[in-house]
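Shown below: upload_8.pdb, with PDB, C-alpha atoms, pLDDT in the B column.
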```pdb
ATOM      1  CA  MET A   1       8.991  13.660  16.621  1.00 51.00           C
ATOM      2  CA  SER A   2       7.778  16.042  13.936  1.00 59.00           C
ATOM      3  CA  LYS A   3       9.353  15.986  10.492  1.00 65.00           C
ATOM      4  CA  SER A   4      10.734  19.456   9.930  1.00 68.00           C
ATOM      5  CA  ASP A   5      13.495  18.391   7.538  1.00 75.00           C
ATOM      6  CA  PRO A   6      12.180  18.364   3.941  1.00 70.00           C
ATOM      7  CA  ASN A   7      14.769  15.708   3.056  1.00 77.00           C
ATOM      8  CA  ALA A   8      13.512  13.382   5.767  1.00 85.00           C
ATOM      9  CA  PRO A   9      12.554   9.904   4.596  1.00 91.00           C
ATOM     10  CA  LYS A  10       8.946   9.063   3.782  1.00 95.00           C
ATOM     11  CA  ARG A  11       6.858   7.841   6.656  1.00 97.00           C
ATOM     12  CA  LEU A  12       4.310   5.034   6.993  1.00 98.00           C
ATOM     13  CA  ALA A  13       1.891   4.973   9.926  1.00 98.00           C
ATOM     14  CA  LEU A  14      -0.091   1.787  10.477  1.00 97.00           C
ATOM     15  CA  ILE A  15      -2.753   0.747  12.928  1.00 97.00           C
ATOM     16  CA  ALA A  16      -2.821  -3.018  13.538  1.00 96.00           C
ATOM     17  CA  SER A  17      -6.173  -3.804  15.119  1.00 95.00           C
ATOM     18  CA  LYS A  18      -6.534  -7.530  14.526  1.00 93.00           C
ATOM     19  CA  GLY A  19      -4.665 -10.394  16.148  1.00 90.00           C
ATOM     20  CA  THR A  20      -5.449 -13.405  13.986  1.00 90.00           C
ATOM     21  CA  LEU A  21      -2.746 -15.036  11.883  1.00 87.00           C
ATOM     22  CA  ASP A  22      -4.191 -13.937   8.537  1.00 87.00           C
ATOM     23  CA  TRP A  23      -4.593 -10.325   9.683  1.00 92.00           C
ATOM     24  CA  ALA A  24      -1.138 -10.234  11.287  1.00 93.00           C
ATOM     25  CA  TYR A  25       0.454 -10.449   7.848  1.00 94.00           C
ATOM     26  CA  PRO A  26      -0.550  -7.115   6.221  1.00 96.00           C
ATOM     27  CA  PRO A  27       0.958  -4.779   8.864  1.00 97.00           C
ATOM     28  CA  PHE A  28       4.219  -6.720   9.203  1.00 97.00           C
ATOM     29  CA  ILE A  29       4.624  -7.159   5.416  1.00 97.00           C
ATOM     30  CA  LEU A  30       3.987  -3.486   4.685  1.00 97.00           C
ATOM     31  CA  ALA A  31       6.154  -2.334   7.583  1.00 98.00           C
ATOM     32  CA  SER A  32       9.142  -4.492   6.614  1.00 97.00           C
ATOM     33  CA  ALA A  33       8.848  -3.554   2.924  1.00 97.00           C
ATOM     34  CA  ALA A  34       8.651   0.150   3.766  1.00 97.00           C
ATOM     35  CA  GLY A  35      11.581  -0.175   6.153  1.00 97.00           C
ATOM     36  CA  ALA A  36      13.570  -1.857   3.385  1.00 97.00           C
ATOM     37  CA  MET A  37      12.787   1.131   1.127  1.00 96.00           C
ATOM     38  CA  GLY A  38      14.324   3.456   3.662  1.00 95.00           C
ATOM     39  CA  TRP A  39      11.021   4.753   5.020  1.00 97.00           C
ATOM     40  CA  GLU A  40      10.324   5.499   8.653  1.00 97.00           C
ATOM     41  CA  VAL A  41       7.638   3.164   9.946  1.00 98.00           C
ATOM     42  CA  GLY A  42       5.459   3.176  13.022  1.00 97.00           C
ATOM     43  CA  ILE A  43       2.769   0.642  13.933  1.00 97.00           C
ATOM     44  CA  PHE A  44       0.152   1.281  16.590  1.00 96.00           C
ATOM     45  CA  PHE A  45      -1.048  -2.051  17.997  1.00 96.00           C
ATOM     46  CA  THR A  46      -4.507  -1.701  19.420  1.00 95.00           C
ATOM     47  CA  PHE A  47      -7.369  -3.930  20.549  1.00 93.00           C
ATOM     48  CA  TYR A  48      -6.813  -7.495  19.293  1.00 92.00           C
ATOM     49  CA  GLY A  49      -3.728  -6.369  17.409  1.00 93.00           C
ATOM     50  CA  LEU A  50      -1.958  -5.756  20.730  1.00 94.00           C
ATOM     51  CA  THR A  51      -1.326  -9.508  21.157  1.00 93.00           C
ATOM     52  CA  LEU A  52       1.063  -9.303  18.169  1.00 95.00           C
ATOM     53  CA  LEU A  53       3.531  -7.647  20.561  1.00 95.00           C
ATOM     54  CA  LYS A  54       3.688 -10.653  22.902  1.00 94.00           C
ATOM     55  CA  PRO A  55       7.064 -12.404  22.989  1.00 92.00           C
ATOM     56  CA  ASP A  56       5.450 -15.718  22.132  1.00 89.00           C
ATOM     57  CA  LEU A  57       3.371 -15.194  19.006  1.00 84.00           C
ATOM     58  CA  THR A  58       0.439 -17.566  19.116  1.00 78.00           C
ATOM     59  CA  ALA A  59      -1.667 -15.915  16.386  1.00 73.00           C
ATOM     60  CA  SER A  60      -4.113 -18.370  14.859  1.00 77.00           C
ATOM     61  CA  VAL A  61      -6.635 -18.298  12.054  1.00 76.00           C
ATOM     62  CA  SER A  62     -10.265 -17.707  12.766  1.00 70.00           C
ATOM     63  CA  PRO A  63     -12.213 -18.908   9.737  1.00 62.00           C
ATOM     64  CA  LEU A  64     -15.392 -17.678  11.408  1.00 61.00           C
ATOM     65  CA  GLY A  65     -16.588 -14.498   9.769  1.00 61.00           C
ATOM     66  CA  ASN A  66     -14.256 -15.076   6.825  1.00 63.00           C
ATOM     67  CA  PRO A  67     -16.841 -16.528   4.436  1.00 58.00           C
ATOM     68  CA  ALA A  68     -14.650 -15.938   1.399  1.00 61.00           C
ATOM     69  CA  MET A  69     -11.710 -17.761   2.925  1.00 64.00           C
ATOM     70  CA  PRO A  70     -10.547 -20.673   0.834  1.00 66.00           C
ATOM     71  CA  MET A  71      -8.620 -23.402   2.555  1.00 71.00           C
ATOM     72  CA  LYS A  72      -5.727 -25.096   0.786  1.00 76.00           C
ATOM     73  CA  MET A  73      -4.150 -28.424   1.606  1.00 78.00           C
ATOM     74  CA  PRO A  74      -0.367 -28.138   2.067  1.00 82.00           C
ATOM     75  CA  PHE A  75       0.286 -31.740   0.927  1.00 82.00           C
ATOM     76  CA  GLY A  76      -0.499 -34.050  -1.976  1.00 83.00           C
ATOM     77  CA  PRO A  77      -0.215 -33.514  -5.730  1.00 84.00           C
ATOM     78  CA  GLU A  78      -0.284 -29.958  -7.100  1.00 84.00           C
ATOM     79  CA  GLY A  79      -3.810 -30.296  -8.492  1.00 84.00           C
ATOM     80  CA  PHE A  80      -5.058 -31.323  -5.044  1.00 82.00           C
ATOM     81  CA  GLN A  81      -3.134 -28.497  -3.335  1.00 84.00           C
ATOM     82  CA  ASN A  82      -4.697 -25.957  -5.679  1.00 81.00           C
ATOM     83  CA  ILE A  83      -8.268 -26.856  -4.751  1.00 80.00           C
ATOM     84  CA  ALA A  84      -9.895 -24.076  -2.734  1.00 78.00           C
ATOM     85  CA  TRP A  85     -11.987 -25.941  -0.208  1.00 74.00           C
ATOM     86  CA  PRO A  86     -15.106 -24.052   0.788  1.00 70.00           C
ATOM     87  CA  MET A  87     -15.442 -23.610   4.527  1.00 68.00           C
ATOM     88  CA  PRO A  88     -19.067 -23.757   5.649  1.00 66.00           C
ATOM     89  CA  ASN A  89     -19.689 -21.626   8.718  1.00 66.00           C
ATOM     90  CA  ILE A  90     -21.556 -24.459  10.426  1.00 64.00           C
ATOM     91  CA  LEU A  91     -18.380 -26.531  10.262  1.00 67.00           C
ATOM     92  CA  MET A  92     -16.106 -23.749  11.488  1.00 67.00           C
ATOM     93  CA  ALA A  93     -18.343 -22.862  14.378  1.00 67.00           C
ATOM     94  CA  ASN A  94     -19.143 -26.313  15.681  1.00 70.00           C
ATOM     95  CA  VAL A  95     -16.298 -28.706  15.060  1.00 73.00           C
ATOM     96  CA  PRO A  96     -13.891 -28.747  18.020  1.00 75.00           C
ATOM     97  CA  GLY A  97     -10.306 -28.150  16.987  1.00 80.00           C
ATOM     98  CA  PHE A  98     -11.290 -26.594  13.689  1.00 79.00           C
ATOM     99  CA  GLU A  99      -9.332 -23.388  14.354  1.00 80.00           C
ATOM    100  CA  THR A 100      -6.235 -25.375  15.230  1.00 85.00           C
ATOM    101  CA  LEU A 101      -6.591 -27.370  12.023  1.00 84.00           C
ATOM    102  CA  ALA A 102      -7.152 -24.265   9.873  1.00 83.00           C
ATOM    103  CA  THR A 103      -4.164 -22.561  11.542  1.00 86.00           C
ATOM    104  CA  THR A 104      -1.880 -25.549  10.977  1.00 87.00           C
ATOM    105  CA  LEU A 105      -2.929 -25.821   7.322  1.00 86.00           C
ATOM    106  CA  MET A 106      -2.434 -22.116   6.666  1.00 85.00           C
ATOM    107  CA  LYS A 107       0.983 -22.012   8.348  1.00 87.00           C
ATOM    108  CA  GLN A 108       2.141 -25.051   6.370  1.00 89.00           C
ATOM    109  CA  THR A 109       0.804 -23.705   3.046  1.00 87.00           C
ATOM    110  CA  PHE A 110       2.529 -20.349   3.629  1.00 86.00           C
ATOM    111  CA  LYS A 111       5.776 -22.087   4.540  1.00 88.00           C
ATOM    112  CA  ASN A 112       5.664 -24.300   1.440  1.00 88.00           C
ATOM    113  CA  LYS A 113       5.090 -21.261  -0.767  1.00 86.00           C
ATOM    114  CA  GLY A 114       8.026 -19.341   0.696  1.00 87.00           C
ATOM    115  CA  VAL A 115       6.157 -16.791   2.813  1.00 89.00           C
ATOM    116  CA  ALA A 116       7.943 -15.718   5.989  1.00 91.00           C
ATOM    117  CA  SER A 117       6.337 -16.608   9.320  1.00 91.00           C
ATOM    118  CA  ILE A 118       4.909 -13.865  11.536  1.00 92.00           C
ATOM    119  CA  PRO A 119       7.782 -14.148  14.080  1.00 92.00           C
ATOM    120  CA  GLU A 120      10.285 -13.847  11.187  1.00 93.00           C
ATOM    121  CA  LEU A 121       8.510 -10.796   9.774  1.00 95.00           C
ATOM    122  CA  ARG A 122       8.351  -9.152  13.191  1.00 95.00           C
ATOM    123  CA  ASP A 123      12.078  -9.768  13.676  1.00 95.00           C
ATOM    124  CA  MET A 124      12.730  -8.153  10.281  1.00 95.00           C
ATOM    125  CA  CYS A 125      10.703  -5.125  11.399  1.00 97.00           C
ATOM    126  CA  ILE A 126      12.706  -4.869  14.636  1.00 97.00           C
ATOM    127  CA  ASP A 127      15.888  -5.129  12.578  1.00 95.00           C
ATOM    128  CA  LEU A 128      14.670  -2.276  10.351  1.00 96.00           C
ATOM    129  CA  ASP A 129      13.949  -0.052  13.379  1.00 96.00           C
ATOM    130  CA  VAL A 130      10.191  -0.083  12.880  1.00 97.00           C
ATOM    131  CA  ARG A 131       8.647   1.812  15.763  1.00 97.00           C
ATOM    132  CA  MET A 132       6.084  -0.372  17.537  1.00 97.00           C
ATOM    133  CA  ILE A 133       3.625   1.269  19.872  1.00 96.00           C
ATOM    134  CA  GLY A 134       1.359  -0.798  22.122  1.00 95.00           C
ATOM    135  CA  CYS A 135      -1.951   0.802  23.032  1.00 95.00           C
ATOM    136  CA  GLN A 136      -2.044   1.755  26.712  1.00 94.00           C
ATOM    137  CA  MET A 137      -5.836   1.818  26.842  1.00 92.00           C
ATOM    138  CA  THR A 138      -6.109  -1.725  25.451  1.00 93.00           C
ATOM    139  CA  MET A 139      -3.562  -2.874  28.045  1.00 91.00           C
ATOM    140  CA  ASP A 140      -5.688  -1.414  30.820  1.00 91.00           C
ATOM    141  CA  VAL A 141      -8.908  -2.925  29.427  1.00 91.00           C
ATOM    142  CA  PHE A 142      -7.536  -6.433  28.967  1.00 91.00           C
ATOM    143  CA  GLY A 143      -5.318  -6.374  32.042  1.00 91.00           C
ATOM    144  CA  PHE A 144      -1.917  -6.578  30.358  1.00 93.00           C
ATOM    145  CA  LYS A 145       1.334  -5.337  31.897  1.00 93.00           C
ATOM    146  CA  ARG A 146       4.382  -3.797  30.202  1.00 93.00           C
ATOM    147  CA  GLU A 147       6.387  -6.984  30.795  1.00 94.00           C
ATOM    148  CA  ASP A 148       3.806  -9.020  28.848  1.00 93.00           C
ATOM    149  CA  PHE A 149       5.202  -7.486  25.649  1.00 94.00           C
ATOM    150  CA  ILE A 150       8.519  -7.497  23.781  1.00 95.00           C
ATOM    151  CA  LYS A 151      11.112  -5.035  25.069  1.00 95.00           C
ATOM    152  CA  GLU A 152      11.475  -3.457  21.601  1.00 96.00           C
ATOM    153  CA  CYS A 153       8.007  -1.903  21.735  1.00 96.00           C
ATOM    154  CA  GLU A 154       6.945   1.253  23.504  1.00 94.00           C
ATOM    155  CA  ILE A 155       3.615   2.003  25.114  1.00 95.00           C
ATOM    156  CA  GLY A 156       1.503   4.970  24.144  1.00 94.00           C
ATOM    157  CA  GLY A 157      -1.954   6.273  23.419  1.00 92.00           C
ATOM    158  CA  ALA A 158      -3.968   7.793  20.601  1.00 92.00           C
ATOM    159  CA  ALA A 159      -2.161  11.128  20.809  1.00 90.00           C
ATOM    160  CA  THR A 160       1.235   9.448  20.446  1.00 92.00           C
ATOM    161  CA  PHE A 161       0.099   7.709  17.280  1.00 94.00           C
ATOM    162  CA  LEU A 162      -1.694  10.728  15.824  1.00 93.00           C
ATOM    163  CA  GLU A 163       1.320  12.976  16.261  1.00 92.00           C
ATOM    164  CA  TYR A 164       3.403  10.402  14.386  1.00 94.00           C
ATOM    165  CA  ALA A 165       0.731   9.840  11.710  1.00 96.00           C
ATOM    166  CA  ALA A 166       0.244  13.562  11.096  1.00 95.00           C
ATOM    167  CA  ASP A 167       3.618  13.667   9.356  1.00 94.00           C
ATOM    168  CA  ALA A 168       3.199  10.377   7.489  1.00 96.00           C
ATOM    169  CA  GLU A 169       2.735  10.185   3.718  1.00 96.00           C
ATOM    170  CA  VAL A 170       0.836   6.903   4.122  1.00 97.00           C
ATOM    171  CA  GLN A 171      -1.548   6.017   6.923  1.00 97.00           C
ATOM    172  CA  LEU A 172      -3.461   2.751   6.995  1.00 97.00           C
ATOM    173  CA  PHE A 173      -5.880   1.108   9.386  1.00 97.00           C
ATOM    174  CA  ILE A 174      -5.648  -2.672   9.285  1.00 95.00           C
TER
ATOM    175  CA  MET B   1      24.075  -6.648 -23.903  1.00 74.00           C
ATOM    176  CA  ASP B   2      27.180  -5.679 -21.989  1.00 84.00           C
ATOM    177  CA  VAL B   3      28.247  -7.991 -19.228  1.00 89.00           C
ATOM    178  CA  ILE B   4      27.768  -6.485 -15.785  1.00 92.00           C
ATOM    179  CA  LYS B   5      30.292  -7.564 -13.201  1.00 95.00           C
ATOM    180  CA  GLU B   6      28.706  -8.068  -9.826  1.00 96.00           C
ATOM    181  CA  ASP B   7      30.519  -7.706  -6.512  1.00 97.00           C
ATOM    182  CA  GLN B   8      28.091  -9.893  -4.613  1.00 97.00           C
ATOM    183  CA  VAL B   9      25.268 -12.363  -5.310  1.00 98.00           C
ATOM    184  CA  LEU B  10      22.068 -12.720  -3.318  1.00 98.00           C
ATOM    185  CA  ASP B  11      19.797 -15.657  -4.106  1.00 98.00           C
ATOM    186  CA  CYS B  12      16.178 -15.119  -3.058  1.00 97.00           C
ATOM    187  CA  SER B  13      14.805 -18.067  -5.034  1.00 96.00           C
ATOM    188  CA  GLY B  14      11.672 -19.552  -3.500  1.00 94.00           C
ATOM    189  CA  MET B  15      11.030 -16.522  -1.281  1.00 94.00           C
ATOM    190  CA  LEU B  16       7.904 -14.406  -1.518  1.00 93.00           C
ATOM    191  CA  CYS B  17       7.134 -10.754  -0.800  1.00 91.00           C
ATOM    192  CA  PRO B  18       8.504  -8.918   1.137  1.00 94.00           C
ATOM    193  CA  ILE B  19      11.613 -11.053   1.796  1.00 95.00           C
ATOM    194  CA  PRO B  20      13.491 -10.348  -1.493  1.00 95.00           C
ATOM    195  CA  VAL B  21      13.121  -6.595  -0.920  1.00 96.00           C
ATOM    196  CA  VAL B  22      14.161  -6.815   2.734  1.00 96.00           C
ATOM    197  CA  LYS B  23      17.179  -9.023   1.984  1.00 96.00           C
ATOM    198  CA  THR B  24      18.233  -6.815  -0.941  1.00 97.00           C
ATOM    199  CA  SER B  25      18.077  -3.747   1.262  1.00 96.00           C
ATOM    200  CA  LYS B  26      20.180  -5.418   3.944  1.00 96.00           C
ATOM    201  CA  ALA B  27      22.748  -6.659   1.410  1.00 97.00           C
ATOM    202  CA  ILE B  28      23.071  -3.263  -0.300  1.00 97.00           C
ATOM    203  CA  LYS B  29      23.576  -1.462   3.015  1.00 95.00           C
ATOM    204  CA  ALA B  30      26.525  -3.766   3.761  1.00 96.00           C
ATOM    205  CA  MET B  31      28.195  -2.953   0.410  1.00 97.00           C
ATOM    206  CA  GLU B  32      30.334  -0.001  -0.682  1.00 97.00           C
ATOM    207  CA  ILE B  33      28.933   2.827  -2.796  1.00 97.00           C
ATOM    208  CA  GLY B  34      29.438   1.993  -6.479  1.00 97.00           C
ATOM    209  CA  GLN B  35      29.411  -1.771  -5.924  1.00 98.00           C
ATOM    210  CA  VAL B  36      26.925  -3.983  -7.765  1.00 98.00           C
ATOM    211  CA  LEU B  37      24.633  -6.609  -6.250  1.00 98.00           C
ATOM    212  CA  LYS B  38      23.206  -9.411  -8.381  1.00 98.00           C
ATOM    213  CA  MET B  39      19.888 -10.562  -6.925  1.00 98.00           C
ATOM    214  CA  ILE B  40      18.086 -13.668  -8.119  1.00 98.00           C
ATOM    215  CA  ALA B  41      14.384 -14.245  -7.384  1.00 97.00           C
ATOM    216  CA  THR B  42      11.515 -16.479  -8.475  1.00 96.00           C
ATOM    217  CA  ASP B  43       8.655 -14.366  -7.105  1.00 94.00           C
ATOM    218  CA  PRO B  44       6.749 -12.900 -10.107  1.00 92.00           C
ATOM    219  CA  GLY B  45       6.144  -9.800  -7.974  1.00 92.00           C
ATOM    220  CA  ALA B  46       9.878  -9.120  -7.767  1.00 95.00           C
ATOM    221  CA  PRO B  47      10.351  -7.166 -11.070  1.00 95.00           C
ATOM    222  CA  PRO B  48       7.842  -4.373 -10.287  1.00 94.00           C
ATOM    223  CA  ASP B  49       8.853  -4.417  -6.610  1.00 95.00           C
ATOM    224  CA  MET B  50      12.554  -4.036  -7.366  1.00 96.00           C
ATOM    225  CA  GLU B  51      11.810  -1.088  -9.671  1.00 95.00           C
ATOM    226  CA  ALA B  52       9.755   0.599  -6.948  1.00 94.00           C
ATOM    227  CA  TRP B  53      12.401  -0.191  -4.337  1.00 96.00           C
ATOM    228  CA  SER B  54      15.134   1.337  -6.526  1.00 96.00           C
ATOM    229  CA  ARG B  55      13.132   4.507  -7.130  1.00 94.00           C
ATOM    230  CA  GLN B  56      12.388   4.858  -3.422  1.00 94.00           C
ATOM    231  CA  THR B  57      15.903   4.187  -2.159  1.00 95.00           C
ATOM    232  CA  GLY B  58      17.784   5.974  -4.948  1.00 95.00           C
ATOM    233  CA  ASN B  59      19.890   2.913  -5.757  1.00 97.00           C
ATOM    234  CA  GLU B  60      20.224   2.165  -9.455  1.00 97.00           C
ATOM    235  CA  LEU B  61      18.596  -0.874 -11.036  1.00 97.00           C
ATOM    236  CA  LEU B  62      21.129  -1.414 -13.820  1.00 97.00           C
ATOM    237  CA  ARG B  63      19.313  -4.357 -15.334  1.00 96.00           C
ATOM    238  CA  SER B  64      16.195  -6.459 -14.751  1.00 96.00           C
ATOM    239  CA  MET B  65      16.027  -9.634 -16.824  1.00 96.00           C
ATOM    240  CA  GLN B  66      14.872 -13.237 -16.960  1.00 96.00           C
ATOM    241  CA  GLU B  67      17.389 -16.054 -17.040  1.00 94.00           C
ATOM    242  CA  ASP B  68      16.680 -19.793 -16.823  1.00 92.00           C
ATOM    243  CA  GLY B  69      13.148 -19.125 -15.624  1.00 93.00           C
ATOM    244  CA  LYS B  70      14.341 -16.832 -12.842  1.00 97.00           C
ATOM    245  CA  PHE B  71      14.345 -13.074 -12.407  1.00 97.00           C
ATOM    246  CA  VAL B  72      17.792 -11.513 -12.221  1.00 97.00           C
ATOM    247  CA  PHE B  73      18.527  -7.974 -11.075  1.00 98.00           C
ATOM    248  CA  TYR B  74      21.730  -5.953 -11.066  1.00 98.00           C
ATOM    249  CA  ILE B  75      21.610  -3.171  -8.537  1.00 97.00           C
ATOM    250  CA  LYS B  76      24.265  -0.527  -7.986  1.00 98.00           C
ATOM    251  CA  ARG B  77      24.582   1.076  -4.583  1.00 97.00           C
ATOM    252  CA  MET B  78      24.361   4.835  -5.182  1.00 95.00           C
ATOM    253  CA  LYS B  79      24.250   6.239  -1.644  1.00 85.00           C
TER
END
```

Let me see the file written as structure tokens.
Amino acid sequence: MSKSDPNAPKRLALIASKGTLDWAYPPFILASAAGAMGWEVGIFFTFYGLTLLKPDLTASVSPLGNPAMPMKMPFGPEGFQNIAWPMPNILMANVPGFETLATTLMKQTFKNKGVASIPELRDMCIDLDVRMIGCQMTMDVFGFKREDFIKECEIGGAATFLEYAADAEVQLFI
Amino acid sequence: MDVIKEDQVLDCSGMLCPIPVVKTSKAIKAMEIGQVLKMIATDPGAPPDMEAWSRQTGNELLRSMQEDGKFVFYIKRMK
């Protein structure tokens, strides 16, 4: 898979290591944009990022450990919607259902603003022939099987990704 | 300014990054070389993104302008 042709398209190599809703956006946005620019794109899904290859995307927001995260209300007058509500850690950690609430609010806010959903972005990436590699080692550690993931992805290890990334103009760890 | 005659219109109003770029790319690929796509967007990130997209794909951004509070782009498929 080495790029020997000097006229070959540019290449983007991404590592997606996080599986929460907020962190699922950067790899899929960059991958679809690069694909739309005619670049070759490969994403290596490892550790918590591996769950982004499941057929049923259930990514949610974890406000815990995101102390700078503002929360916006997706309803009400514009002035109310623009308020960035501070999220105290004590609230996030202890109130049951808080993650579900934060996830629902973020999904609705994104939808209202015209941002694509994660399943839509992943479909765009598939459409643009983005190469998606699931990490074999993570599968073994967490007890996943090949059939737990979408058929469009392939399974590989560090060497598979590194060989691909070696010929990439842009490499990012997300 | 000369009037540019478009062969196809793509309205990306209300859509945010990266959808306008992805939809533009898809629309251009379905057109003939030499044809012109008129793309309309409301995302303030669209003007710099469409310039970068044109440079990267080699398609020509004939015009980038604002009209009725929207961003309008004329893009010619070059290859």

>> Selection in question (the file shown): the ChimeraX specification (/A :<7) & /B. Which residues does it include, as a list in words?
In response: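 Answer for the ChimeraX specification (/A :<7) & /B: Gly14, Met15, Leu16, Pro18, Val21, Val22, Ser25, Trp53, Gln56 and Thr57 of chain B.
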
>> My list of candidates is A:Gly19, A:Pro27, A:Gly134, A:Pro86. Which is closest to Ser60 of chain A when distances are computed with all atoms listed in the file?
In response: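 Of A:Gly19, A:Pro27, A:Gly134, A:Pro86, the one nearest Ser60 of chain A, counting all atoms listed in the file, is A:Gly19.
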
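Using all atoms listed in the file, the smallest distance between any of B:Ala41, B:Met1, B:Ala27, B:Leu10 and Arg63 of chain B comes from B:Met1.
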
Answer as an mmCIF file with C-alpha atoms, in the frame of the given file, residues within 12 Å of (27.2, -5.1, -6.2) using only C-alpha atoms:
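That gives us result_18.cif:
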```cif
data_model
loop_
_atom_site.group_PDB
_atom_site.id
_atom_site.type_symbol
_atom_site.label_atom_id
_atom_site.label_comp_id
_atom_site.auth_asym_id
_atom_site.auth_seq_id
_atom_site.Cartn_x
_atom_site.Cartn_y
_atom_site.Cartn_z
ATOM 1 C CA ILE B 4 27.768 -6.485 -15.785
ATOM 2 C CA LYS B 5 30.292 -7.564 -13.201
ATOM 3 C CA GLU B 6 28.706 -8.068 -9.826
ATOM 4 C CA ASP B 7 30.519 -7.706 -6.512
ATOM 5 C CA GLN B 8 28.091 -9.893 -4.613
ATOM 6 C CA VAL B 9 25.268 -12.363 -5.310
ATOM 7 C CA LEU B 10 22.068 -12.720 -3.318
ATOM 8 C CA THR B 24 18.233 -6.815 -0.941
ATOM 9 C CA SER B 25 18.077 -3.747 1.262
ATOM 10 C CA ALA B 27 22.748 -6.659 1.410
ATOM 11 C CA ILE B 28 23.071 -3.263 -0.300
ATOM 12 C CA LYS B 29 23.576 -1.462 3.015
ATOM 13 C CA ALA B 30 26.525 -3.766 3.761
ATOM 14 C CA MET B 31 28.195 -2.953 0.410
ATOM 15 C CA GLU B 32 30.334 -0.001 -0.682
ATOM 16 C CA ILE B 33 28.933 2.827 -2.796
ATOM 17 C CA GLY B 34 29.438 1.993 -6.479
ATOM 18 C CA GLN B 35 29.411 -1.771 -5.924
ATOM 19 C CA VAL B 36 26.925 -3.983 -7.765
ATOM 20 C CA LEU B 37 24.633 -6.609 -6.250
ATOM 21 C CA LYS B 38 23.206 -9.411 -8.381
ATOM 22 C CA MET B 39 19.888 -10.562 -6.925
ATOM 23 C CA ASN B 59 19.890 2.913 -5.757
ATOM 24 C CA GLU B 60 20.224 2.165 -9.455
ATOM 25 C CA LEU B 61 18.596 -0.874 -11.036
ATOM 26 C CA LEU B 62 21.129 -1.414 -13.820
ATOM 27 C CA PHE B 73 18.527 -7.974 -11.075
ATOM 28 C CA TYR B 74 21.730 -5.953 -11.066
ATOM 29 C CA ILE B 75 21.610 -3.171 -8.537
ATOM 30 C CA LYS B 76 24.265 -0.527 -7.986
ATOM 31 C CA ARG B 77 24.582 1.076 -4.583
ATOM 32 C CA MET B 78 24.361 4.835 -5.182
#
```

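Proximity of A:Ile126, A:Val141, A:Ala16, A:Leu172 to Phe44 of chain A, computed with all atoms listed in the file, is greatest for A:Ala16.
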
Emit a file covering segment 11-24 of chain A of the preceding structure with N, CA and C atoms, as an mmCIF file, in the first residue's frame.
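What landed in decode29.cif:
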```
data_model
loop_
_atom_site.group_PDB
_atom_site.id
_atom_site.type_symbol
_atom_site.label_atom_id
_atom_site.label_comp_id
_atom_site.auth_asym_id
_atom_site.auth_seq_id
_atom_site.Cartn_x
_atom_site.Cartn_y
_atom_site.Cartn_z
ATOM 1 N N ARG A 11 -2.549 12.110 1.406
ATOM 2 C CA ARG A 11 -3.068 11.088 2.313
ATOM 3 C C ARG A 11 -3.176 11.615 3.745
ATOM 4 N N LEU A 12 -4.292 11.254 4.389
ATOM 5 C CA LEU A 12 -4.528 11.620 5.787
ATOM 6 C C LEU A 12 -4.642 10.339 6.609
ATOM 7 N N ALA A 13 -3.851 10.248 7.670
ATOM 8 C CA ALA A 13 -3.905 9.078 8.546
ATOM 9 C C ALA A 13 -4.323 9.524 9.942
ATOM 10 N N LEU A 14 -5.443 8.996 10.405
ATOM 11 C CA LEU A 14 -5.972 9.405 11.708
ATOM 12 C C LEU A 14 -6.020 8.229 12.669
ATOM 13 N N ILE A 15 -5.796 8.543 13.944
ATOM 14 C CA ILE A 15 -6.061 7.552 14.985
ATOM 15 C C ILE A 15 -7.236 8.090 15.790
ATOM 16 N N ALA A 16 -8.318 7.308 15.875
ATOM 17 C CA ALA A 16 -9.476 7.695 16.679
ATOM 18 C C ALA A 16 -9.441 6.851 17.946
ATOM 19 N N SER A 17 -9.136 7.494 19.058
ATOM 20 C CA SER A 17 -8.935 6.725 20.301
ATOM 21 C C SER A 17 -10.033 6.931 21.335
ATOM 22 N N LYS A 18 -11.003 7.785 21.011
ATOM 23 C CA LYS A 18 -12.041 8.067 22.009
ATOM 24 C C LYS A 18 -13.425 7.775 21.447
ATOM 25 N N GLY A 19 -14.308 7.265 22.301
ATOM 26 C CA GLY A 19 -15.606 6.809 21.804
ATOM 27 C C GLY A 19 -16.793 7.641 22.234
ATOM 28 N N THR A 20 -16.552 8.783 22.886
ATOM 29 C CA THR A 20 -17.697 9.593 23.297
ATOM 30 C C THR A 20 -18.196 10.420 22.120
ATOM 31 N N LEU A 21 -19.425 10.895 22.227
ATOM 32 C CA LEU A 21 -20.059 11.619 21.127
ATOM 33 C C LEU A 21 -19.249 12.841 20.689
ATOM 34 N N ASP A 22 -18.800 13.632 21.662
ATOM 35 C CA ASP A 22 -18.045 14.842 21.326
ATOM 36 C C ASP A 22 -16.734 14.511 20.610
ATOM 37 N N TRP A 23 -16.061 13.438 21.068
ATOM 38 C CA TRP A 23 -14.781 13.079 20.455
ATOM 39 C C TRP A 23 -14.941 12.244 19.188
ATOM 40 N N ALA A 24 -16.160 11.818 18.885
ATOM 41 C CA ALA A 24 -16.379 11.070 17.639
ATOM 42 C C ALA A 24 -16.404 12.040 16.461
#
```
